[in-house]
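Participant: I'm passing along structure_5.cif; it holds mmCIF, N, CA and C atoms and all ligand atoms.
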data_protein
loop_
_atom_site.label_atom_id
_atom_site.label_comp_id
_atom_site.auth_asym_id
_atom_site.auth_seq_id
_atom_site.Cartn_x
_atom_site.Cartn_y
_atom_site.Cartn_z
N MET D 1385 145.81 83.84 172.69
CA MET D 1385 146.73 83.73 173.85
C MET D 1385 148.05 83.12 173.42
N PRO D 1386 149.13 83.84 173.53
CA PRO D 1386 150.42 83.32 173.03
C PRO D 1386 150.99 82.20 173.89
N LEU D 1387 150.90 82.35 175.20
CA LEU D 1387 151.50 81.33 176.07
C LEU D 1387 150.47 80.83 177.08
N THR D 1388 150.34 79.54 177.17
CA THR D 1388 149.49 78.97 178.21
C THR D 1388 150.27 79.00 179.52
N PRO D 1389 149.58 78.98 180.64
CA PRO D 1389 150.28 78.96 181.95
C PRO D 1389 151.26 77.80 182.03
N ARG D 1390 150.91 76.66 181.43
CA ARG D 1390 151.80 75.51 181.49
C ARG D 1390 153.11 75.79 180.75
N GLU D 1391 153.02 76.45 179.59
CA GLU D 1391 154.23 76.75 178.84
C GLU D 1391 155.11 77.73 179.61
N LEU D 1392 154.46 78.67 180.27
CA LEU D 1392 155.21 79.63 181.08
C LEU D 1392 155.95 78.89 182.19
N ALA D 1393 155.27 77.97 182.82
CA ALA D 1393 155.88 77.24 183.94
C ALA D 1393 157.07 76.44 183.47
N SER D 1394 156.93 75.78 182.33
CA SER D 1394 158.03 74.93 181.89
C SER D 1394 159.21 75.74 181.38
N SER D 1395 158.95 76.94 180.86
CA SER D 1395 160.06 77.74 180.38
C SER D 1395 160.82 78.35 181.55
N SER D 1396 160.11 78.68 182.64
CA SER D 1396 160.79 79.24 183.80
C SER D 1396 161.59 78.16 184.50
N GLU D 1397 161.22 76.90 184.27
CA GLU D 1397 161.90 75.83 184.97
C GLU D 1397 163.31 75.58 184.46
N THR D 1398 163.55 75.95 183.20
CA THR D 1398 164.87 75.74 182.63
C THR D 1398 165.92 76.62 183.31
N SER D 1399 165.49 77.68 183.99
CA SER D 1399 166.43 78.56 184.66
C SER D 1399 166.76 78.05 186.06
N ALA D 1400 167.17 76.81 186.12
CA ALA D 1400 167.63 76.11 187.32
C ALA D 1400 167.41 76.80 188.65
N GLY D 1401 166.20 76.82 189.13
CA GLY D 1401 165.91 77.39 190.43
C GLY D 1401 166.19 76.36 191.52
N GLY D 1402 166.69 76.79 192.65
CA GLY D 1402 167.05 75.84 193.68
C GLY D 1402 165.89 75.43 194.56
N ASP D 1403 165.03 76.38 194.89
CA ASP D 1403 163.97 76.09 195.86
C ASP D 1403 162.64 75.79 195.20
N ALA D 1404 162.68 75.21 194.02
CA ALA D 1404 161.45 74.95 193.29
C ALA D 1404 160.66 73.82 193.94
N GLN D 1405 159.66 74.15 194.70
CA GLN D 1405 158.79 73.13 195.27
C GLN D 1405 157.48 73.06 194.51
N THR D 1406 157.50 73.50 193.28
CA THR D 1406 156.30 73.45 192.47
C THR D 1406 156.06 72.04 191.95
N ALA D 1407 154.98 71.87 191.25
CA ALA D 1407 154.68 70.56 190.71
C ALA D 1407 155.80 70.10 189.79
N PRO D 1408 156.23 68.86 189.96
CA PRO D 1408 157.35 68.37 189.15
C PRO D 1408 156.95 68.28 187.69
N SER D 1409 157.80 68.79 186.84
CA SER D 1409 157.52 68.66 185.42
C SER D 1409 157.86 67.25 184.99
N ALA D 1410 157.00 66.66 184.22
CA ALA D 1410 157.25 65.30 183.79
C ALA D 1410 157.80 65.30 182.38
N PRO D 1411 159.09 65.03 182.25
CA PRO D 1411 159.68 64.97 180.91
C PRO D 1411 159.14 63.77 180.15
N ALA D 1412 159.07 62.66 180.84
CA ALA D 1412 158.38 61.49 180.31
C ALA D 1412 156.99 61.50 180.91
N ARG D 1413 156.17 60.56 180.49
CA ARG D 1413 154.84 60.53 181.10
C ARG D 1413 154.99 60.00 182.52
N SER D 1414 154.11 60.43 183.39
CA SER D 1414 154.24 60.01 184.77
C SER D 1414 153.56 58.65 184.97
N LEU D 1415 154.25 57.80 185.68
CA LEU D 1415 153.74 56.46 185.94
C LEU D 1415 152.85 56.47 187.17
N THR D 1416 151.98 55.50 187.23
CA THR D 1416 151.31 55.25 188.49
C THR D 1416 152.21 54.36 189.32
N CYS D 1417 151.89 54.24 190.60
CA CYS D 1417 152.69 53.38 191.47
C CYS D 1417 152.67 51.94 190.97
N ALA D 1418 151.54 51.50 190.46
CA ALA D 1418 151.44 50.12 189.98
C ALA D 1418 152.36 49.90 188.79
N GLU D 1419 152.42 50.88 187.91
CA GLU D 1419 153.29 50.76 186.73
C GLU D 1419 154.76 50.78 187.15
N ALA D 1420 155.07 51.64 188.10
CA ALA D 1420 156.45 51.69 188.58
C ALA D 1420 156.82 50.38 189.26
N ALA D 1421 155.89 49.83 190.03
CA ALA D 1421 156.16 48.58 190.75
C ALA D 1421 156.42 47.45 189.77
N ARG D 1422 155.70 47.46 188.65
CA ARG D 1422 155.87 46.40 187.66
C ARG D 1422 157.28 46.43 187.06
N ARG D 1423 157.89 47.62 187.03
CA ARG D 1423 159.23 47.75 186.45
C ARG D 1423 160.32 47.73 187.50
N LEU D 1424 159.91 47.58 188.75
CA LEU D 1424 160.85 47.77 189.85
C LEU D 1424 162.06 46.84 189.77
N TRP D 1425 161.83 45.55 189.56
CA TRP D 1425 162.96 44.62 189.58
C TRP D 1425 163.85 44.82 188.37
N ASP D 1426 163.26 45.10 187.22
CA ASP D 1426 164.08 45.39 186.05
C ASP D 1426 164.92 46.65 186.31
N TYR D 1427 164.32 47.59 187.01
CA TYR D 1427 165.05 48.81 187.35
C TYR D 1427 166.22 48.51 188.28
N VAL D 1428 165.96 47.72 189.30
CA VAL D 1428 167.01 47.38 190.26
C VAL D 1428 168.12 46.59 189.58
N ASP D 1429 167.74 45.73 188.64
CA ASP D 1429 168.73 44.93 187.92
C ASP D 1429 169.36 45.67 186.75
N ALA D 1430 168.97 46.93 186.57
CA ALA D 1430 169.50 47.75 185.47
C ALA D 1430 169.25 47.09 184.12
N ARG D 1431 168.04 46.58 183.95
CA ARG D 1431 167.70 45.93 182.70
C ARG D 1431 166.69 46.73 181.88
N LEU D 1432 166.41 47.95 182.33
CA LEU D 1432 165.41 48.74 181.63
C LEU D 1432 166.04 49.52 180.48
N PRO D 1433 165.36 49.54 179.34
CA PRO D 1433 165.79 50.44 178.26
C PRO D 1433 165.64 51.89 178.71
N GLU D 1434 166.17 52.79 177.92
CA GLU D 1434 166.29 54.18 178.34
C GLU D 1434 164.95 54.84 178.70
N THR D 1435 163.94 54.63 177.87
CA THR D 1435 162.69 55.36 178.08
C THR D 1435 161.94 54.93 179.33
N PRO D 1436 161.68 53.63 179.51
CA PRO D 1436 161.03 53.26 180.77
C PRO D 1436 161.90 53.57 181.98
N LEU D 1437 163.20 53.54 181.79
CA LEU D 1437 164.10 53.90 182.89
C LEU D 1437 163.86 55.34 183.33
N ALA D 1438 163.74 56.23 182.36
CA ALA D 1438 163.49 57.63 182.68
C ALA D 1438 162.12 57.79 183.34
N ASP D 1439 161.15 57.02 182.86
CA ASP D 1439 159.82 57.07 183.46
C ASP D 1439 159.87 56.67 184.93
N VAL D 1440 160.57 55.57 185.20
CA VAL D 1440 160.65 55.07 186.58
C VAL D 1440 161.40 56.07 187.45
N GLU D 1441 162.50 56.61 186.93
CA GLU D 1441 163.27 57.56 187.74
C GLU D 1441 162.47 58.82 188.03
N ALA D 1442 161.67 59.24 187.05
CA ALA D 1442 160.83 60.41 187.27
C ALA D 1442 159.80 60.13 188.37
N HIS D 1443 159.27 58.92 188.36
CA HIS D 1443 158.29 58.57 189.38
C HIS D 1443 158.96 58.47 190.76
N LEU D 1444 160.13 57.87 190.81
CA LEU D 1444 160.83 57.70 192.09
C LEU D 1444 161.18 59.06 192.70
N ALA D 1445 161.41 60.03 191.82
CA ALA D 1445 161.78 61.36 192.32
C ALA D 1445 160.63 62.02 193.05
N ILE D 1446 159.40 61.63 192.73
CA ILE D 1446 158.25 62.29 193.34
C ILE D 1446 157.48 61.37 194.27
N CYS D 1447 157.86 60.09 194.35
CA CYS D 1447 157.08 59.15 195.14
C CYS D 1447 157.96 58.46 196.18
N ALA D 1448 157.81 58.87 197.42
CA ALA D 1448 158.63 58.30 198.49
C ALA D 1448 158.31 56.83 198.70
N THR D 1449 157.07 56.46 198.46
CA THR D 1449 156.68 55.07 198.67
C THR D 1449 157.45 54.15 197.74
N CYS D 1450 157.45 54.46 196.46
CA CYS D 1450 158.14 53.61 195.50
C CYS D 1450 159.65 53.69 195.68
N ALA D 1451 160.15 54.87 196.04
CA ALA D 1451 161.58 54.99 196.30
C ALA D 1451 161.99 54.07 197.44
N GLY D 1452 161.11 53.97 198.43
CA GLY D 1452 161.37 53.05 199.53
C GLY D 1452 161.38 51.60 199.07
N HIS D 1453 160.47 51.28 198.15
CA HIS D 1453 160.43 49.92 197.62
C HIS D 1453 161.72 49.60 196.88
N VAL D 1454 162.24 50.56 196.15
CA VAL D 1454 163.47 50.34 195.40
C VAL D 1454 164.63 50.12 196.37
N ALA D 1455 164.67 50.91 197.42
CA ALA D 1455 165.74 50.75 198.41
C ALA D 1455 165.66 49.35 199.01
N PHE D 1456 164.45 48.93 199.32
CA PHE D 1456 164.25 47.59 199.87
C PHE D 1456 164.67 46.52 198.86
N ALA D 1457 164.27 46.71 197.62
CA ALA D 1457 164.58 45.72 196.58
C ALA D 1457 166.08 45.58 196.38
N ARG D 1458 166.78 46.70 196.50
CA ARG D 1458 168.23 46.64 196.33
C ARG D 1458 168.88 45.83 197.44
N VAL D 1459 168.42 46.07 198.68
CA VAL D 1459 168.95 45.32 199.82
C VAL D 1459 168.64 43.84 199.65
N MET D 1460 167.42 43.58 199.22
CA MET D 1460 166.99 42.20 199.07
C MET D 1460 167.77 41.50 197.95
N ARG D 1461 167.98 42.21 196.85
CA ARG D 1461 168.73 41.65 195.74
C ARG D 1461 170.15 41.27 196.19
N ARG D 1462 170.74 42.15 197.00
CA ARG D 1462 172.09 41.89 197.49
C ARG D 1462 172.09 40.66 198.40
N ALA D 1463 171.09 40.60 199.26
CA ALA D 1463 171.00 39.46 200.18
C ALA D 1463 170.81 38.16 199.40
N LEU D 1464 169.99 38.20 198.36
CA LEU D 1464 169.76 37.02 197.54
C LEU D 1464 171.04 36.60 196.83
N ALA D 1465 171.81 37.58 196.40
CA ALA D 1465 173.05 37.27 195.69
C ALA D 1465 174.05 36.61 196.63
N GLU D 1466 174.01 37.01 197.90
CA GLU D 1466 174.95 36.44 198.86
C GLU D 1466 174.56 35.01 199.22
N THR D 1467 173.29 34.75 199.33
CA THR D 1467 172.84 33.38 199.62
C THR D 1467 172.47 32.71 198.32
N SER D 1468 173.49 32.36 197.55
CA SER D 1468 173.24 31.81 196.23
C SER D 1468 172.70 30.38 196.30
N VAL D 1469 173.02 29.68 197.38
CA VAL D 1469 172.54 28.30 197.52
C VAL D 1469 171.20 28.30 198.24
N VAL D 1470 170.20 27.81 197.55
CA VAL D 1470 168.88 27.71 198.17
C VAL D 1470 168.68 26.26 198.60
N THR D 1471 168.61 26.06 199.89
CA THR D 1471 168.45 24.70 200.39
C THR D 1471 166.98 24.32 200.42
N ALA D 1472 166.74 23.05 200.27
CA ALA D 1472 165.37 22.57 200.36
C ALA D 1472 164.87 22.74 201.79
N PRO D 1473 163.62 23.09 201.95
CA PRO D 1473 163.11 23.30 203.30
C PRO D 1473 163.14 22.00 204.11
N ASP D 1474 163.74 22.07 205.27
CA ASP D 1474 163.73 20.89 206.12
C ASP D 1474 162.46 20.87 206.97
N GLU D 1475 162.38 19.90 207.84
CA GLU D 1475 161.13 19.73 208.59
C GLU D 1475 160.81 20.93 209.48
N ARG D 1476 161.87 21.45 210.13
CA ARG D 1476 161.63 22.59 211.02
C ARG D 1476 161.11 23.78 210.23
N HIS D 1477 161.71 23.97 209.07
CA HIS D 1477 161.30 25.08 208.21
C HIS D 1477 159.82 24.94 207.83
N THR D 1478 159.44 23.76 207.43
CA THR D 1478 158.07 23.52 207.01
C THR D 1478 157.10 23.73 208.17
N ALA D 1479 157.49 23.25 209.34
CA ALA D 1479 156.62 23.40 210.51
C ALA D 1479 156.46 24.88 210.86
N LEU D 1480 157.57 25.59 210.77
CA LEU D 1480 157.52 27.02 211.09
C LEU D 1480 156.59 27.74 210.12
N ARG D 1481 156.69 27.38 208.86
CA ARG D 1481 155.85 28.05 207.86
C ARG D 1481 154.37 27.76 208.12
N ALA D 1482 154.08 26.53 208.51
CA ALA D 1482 152.70 26.18 208.81
C ALA D 1482 152.19 27.01 209.99
N ARG D 1483 153.06 27.20 210.98
CA ARG D 1483 152.64 27.99 212.15
C ARG D 1483 152.39 29.44 211.76
N VAL D 1484 153.26 29.96 210.92
CA VAL D 1484 153.09 31.36 210.48
C VAL D 1484 151.79 31.51 209.70
N LEU D 1485 151.53 30.57 208.81
CA LEU D 1485 150.31 30.63 208.01
C LEU D 1485 149.07 30.55 208.91
N THR D 1486 149.12 29.69 209.90
CA THR D 1486 148.02 29.55 210.83
C THR D 1486 147.79 30.86 211.58
N ALA D 1487 148.90 31.44 212.06
CA ALA D 1487 148.80 32.69 212.80
C ALA D 1487 148.22 33.79 211.92
N MET D 1488 148.63 33.81 210.66
CA MET D 1488 148.13 34.83 209.75
C MET D 1488 146.62 34.67 209.53
N ASN D 1489 146.20 33.43 209.38
CA ASN D 1489 144.77 33.19 209.18
C ASN D 1489 143.96 33.60 210.40
N GLU D 1490 144.56 33.40 211.57
CA GLU D 1490 143.83 33.74 212.79
C GLU D 1490 143.68 35.24 212.96
N THR D 1491 144.72 35.97 212.59
CA THR D 1491 144.63 37.43 212.76
C THR D 1491 143.77 38.07 211.69
N ARG D 1492 143.52 37.34 210.61
CA ARG D 1492 142.82 37.95 209.48
C ARG D 1492 141.30 37.77 209.57
N ARG D 1493 140.77 37.79 210.75
CA ARG D 1493 139.33 37.63 210.85
C ARG D 1493 138.60 38.94 210.82
ZN ZN Q 1 154.82 55.41 193.52
#
Would you encode the structure as structure tokens?
Ligand SMILES: [Zn+2]
Facilitator:
Amino acid sequence: MPLTPRELASSSETSAGGDAQTAPSAPARSLTCAEAARRLWDYVDARLPETPLADVEAHLAICATCAGHVAFARVMRRALAETSVVTAPDERHTALRARVLTAMNETRR
């Protein structure tokens, strides 16, 4: 057999089709969501070397869940950058956190 179906598929893909809803070809190896999540912050901070960067981008292209996480992480990173001063929790803050923790424990039965 000269060509496997997979080779046929990848060769037809180079001819830039617009409506290709076929299985995404993975130029790099495909990550699991857990692996992508582990690289998420480095990705958002643009600290990834080329290869893992390509892996993450390939995963984000096919995974709406992780793409959503990245969008969230970007917003959060920006918010953190704006609030550069982290104040020590005051009494109200501590009390509020205790109430939230209590509420969470109650709902988790
Ligand atoms: Zn994912």
Participant: Show me which residues line ligand ZN 1 (chain Q), defined as having an atom within 12 Å of a ligand atom where only C-alpha atoms and all ligand atoms count, and present them as a PyMOL selection string.
Facilitator: chain D and resi 1414-1424+1439-1454
Participant: Please, what distance in Å, to one decimal, runs between CA of Trp1425 (chain D) and CA of Ala1457 (chain D)?
Facilitator: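 For CA of Trp1425 (chain D) relative to CA of Ala1457 (chain D), the distance reads 7.3 Å.
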Participant: Just to confirm, what's the straight-line distance from atom C of Thr1478 (chain D) to CA of Leu1464 (chain D) in Å (one decimal)?
Facilitator: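 It comes out at 21.2 Å.
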Participant: What is the atom C of Arg1476 (chain D)-atom N of Asn1489 (chain D) distance in Å, reported with one decimal?
Facilitator: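 The value is 17.8 Å.
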